[in-house]
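Everything below concerns the one structure shown next.
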Amino acid sequence: MLIDWFTVGAQALNFLILVWLMKRFLYQPILHAIDAREKRIAAKLADAAAKKAEAQKERDEFQQKNEEFDQQRAALLSKATEEAKTERQHLLDEARKAADALSAKCQKMLISDARNLSKALSRRIQDEVFAIARKTLTDLAGASLEERMGDIFIERLQSMPDEAKTSFAKALRTVSDPALVRSTFDLSAAQQKAIQKAINANFSTNVPVRFETAPDLISGIELSANGQKVAWSIDEYLASLERSVGELLKEKDKPEVKPENKLKPATRPQ
């Protein structure tokens, strides 16, 4: 078989031309497109990586800020709690002080009311005693209460112990001013003369006496000189009555002591 070298050469030339044309117009654009696509992909990947890094950075910053915020919130909450405890304790102390002050005030008011009641009761008892004494003396002896009190005061001077009488006589002799006799009521001239006579007779002295009316005395008469005093008044009886009533109330308020229950031996009936 004969080879047609012209045909072979023409085919080889056609093949080379075809390869050149394919490389020139087909492979080269494809390669350029692939390179461009790879570059675009690489750029997008780089951009995505940058965005991812930026997002990670922002996430870390947010987490750090969140942690700082949590720390600040915990610190503020702790501070607010301590301040609330301090304020609560302060309010409790103020309330306790106010309660103590109110309790002390109420106690003072109760004591004052009790004193006022005691004074009113003493005054009422005094008035009742005066009324009963006046009526009794008037009905039985025809003498007034004031006259009888003067007589009783003279009896008190006469019945003084010797030691007290000597001491008071010394006070009367050493005093420069007149002796003072104070009474709840106005003494008549006869009563003043009788008391003056009793003073001179009982204390063996002759001193001037000045008489005064003292409404603050609870129906009584007192003689004072150089700081010493001799007195008689219904106040003594009222004080004694008050002590007796107080002791009686204390005895009443004491709890009763119950005897222990003991078994007693049975007795045989006779």
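To be explicit about the labels: the chains of the structure tokens are called A, B, and onward in the order shown, and within each one the residues are counted from 1, while ligands get numbers from 1 in the order they are shown.
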Residues of stretch 66-180 of chain A that approach stretch 221-233 of chain A to 12 Å or less, counting only C-alpha atoms: could you list each one with the shortest pair of atoms and its distance in Å to one decimal, rows by chain and increasing residue number, as a tab-separated table?
```
residue	atom	partner	partner_atom	distance
A:Gln126	CA	A:Ser233	CA	10.8
A:Phe130	CA	A:Ser233	CA	11.7
A:Leu145	CA	A:Ser233	CA	12.0
A:Glu146	CA	A:Ile221	CA	10.0
A:Glu147	CA	A:Ile221	CA	11.5
A:Arg148	CA	A:Ile221	CA	11.4
A:Met149	CA	A:Ile221	CA	7.8
A:Gly150	CA	A:Ile221	CA	7.6
A:Asp151	CA	A:Ile221	CA	10.5
A:Ile152	CA	A:Trp232	CA	8.0
A:Phe153	CA	A:Trp232	CA	6.1
A:Ile154	CA	A:Trp232	CA	9.6
A:Glu155	CA	A:Trp232	CA	10.0
A:Arg156	CA	A:Trp232	CA	7.4
A:Leu157	CA	A:Val230	CA	7.7
A:Gln158	CA	A:Val230	CA	11.4
A:Ser159	CA	A:Val230	CA	11.5
A:Met160	CA	A:Val230	CA	9.1
A:Pro161	CA	A:Val230	CA	11.8
A:Ala164	CA	A:Val230	CA	9.5
A:Lys165	CA	A:Val230	CA	9.7
A:Thr166	CA	A:Gln228	CA	11.9
A:Ser167	CA	A:Gln228	CA	8.8
A:Phe168	CA	A:Gln228	CA	6.8
A:Ala169	CA	A:Ala225	CA	9.4
A:Lys170	CA	A:Asn226	CA	9.4
A:Ala171	CA	A:Asn226	CA	5.7
A:Leu172	CA	A:Ala225	CA	6.0
A:Arg173	CA	A:Ala225	CA	9.4
A:Thr174	CA	A:Asn226	CA	7.6
A:Val175	CA	A:Asn226	CA	5.7
A:Ser176	CA	A:Asn226	CA	8.7
A:Asp177	CA	A:Ala225	CA	8.4
A:Pro178	CA	A:Ala225	CA	8.0
A:Ala179	CA	A:Ala225	CA	5.2
A:Leu180	CA	A:Ser224	CA	5.4
```
Exercise for review: Quick one: pick out all strand (DSSP E or B) residues within stretch 12-217 of chain A from a backbone DSSP run and write them as a list in words.
Suggested key: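 So the strand (DSSP E or B) residues in stretch 12-217 of chain A would be Ala179, Leu180, Val181, Arg182, Ser183, Val209, Arg210, Phe211, Glu212 and Thr213 of chain A.
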Point to revise | d(atom CA of A:Leu187, atom CA of A:Thr213) in Å | key: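 Calculated distance between atom CA of A:Leu187 and atom CA of A:Thr213 is 8.2 Å.
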Exercise for review: Could you jot down the atom CA of A:Pro208 to atom CA of A:Ala189 separation for me, Å, one decimal place?
Suggested key: 14.8 Å
Exercise for review: Using atom CA of A:Asn14 and atom CA of A:Ala33 as the two end points, give the distance in Å to one decimal.
Suggested key: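 Separation between atom CA of A:Asn14 and atom CA of A:Ala33: 27.1 Å.
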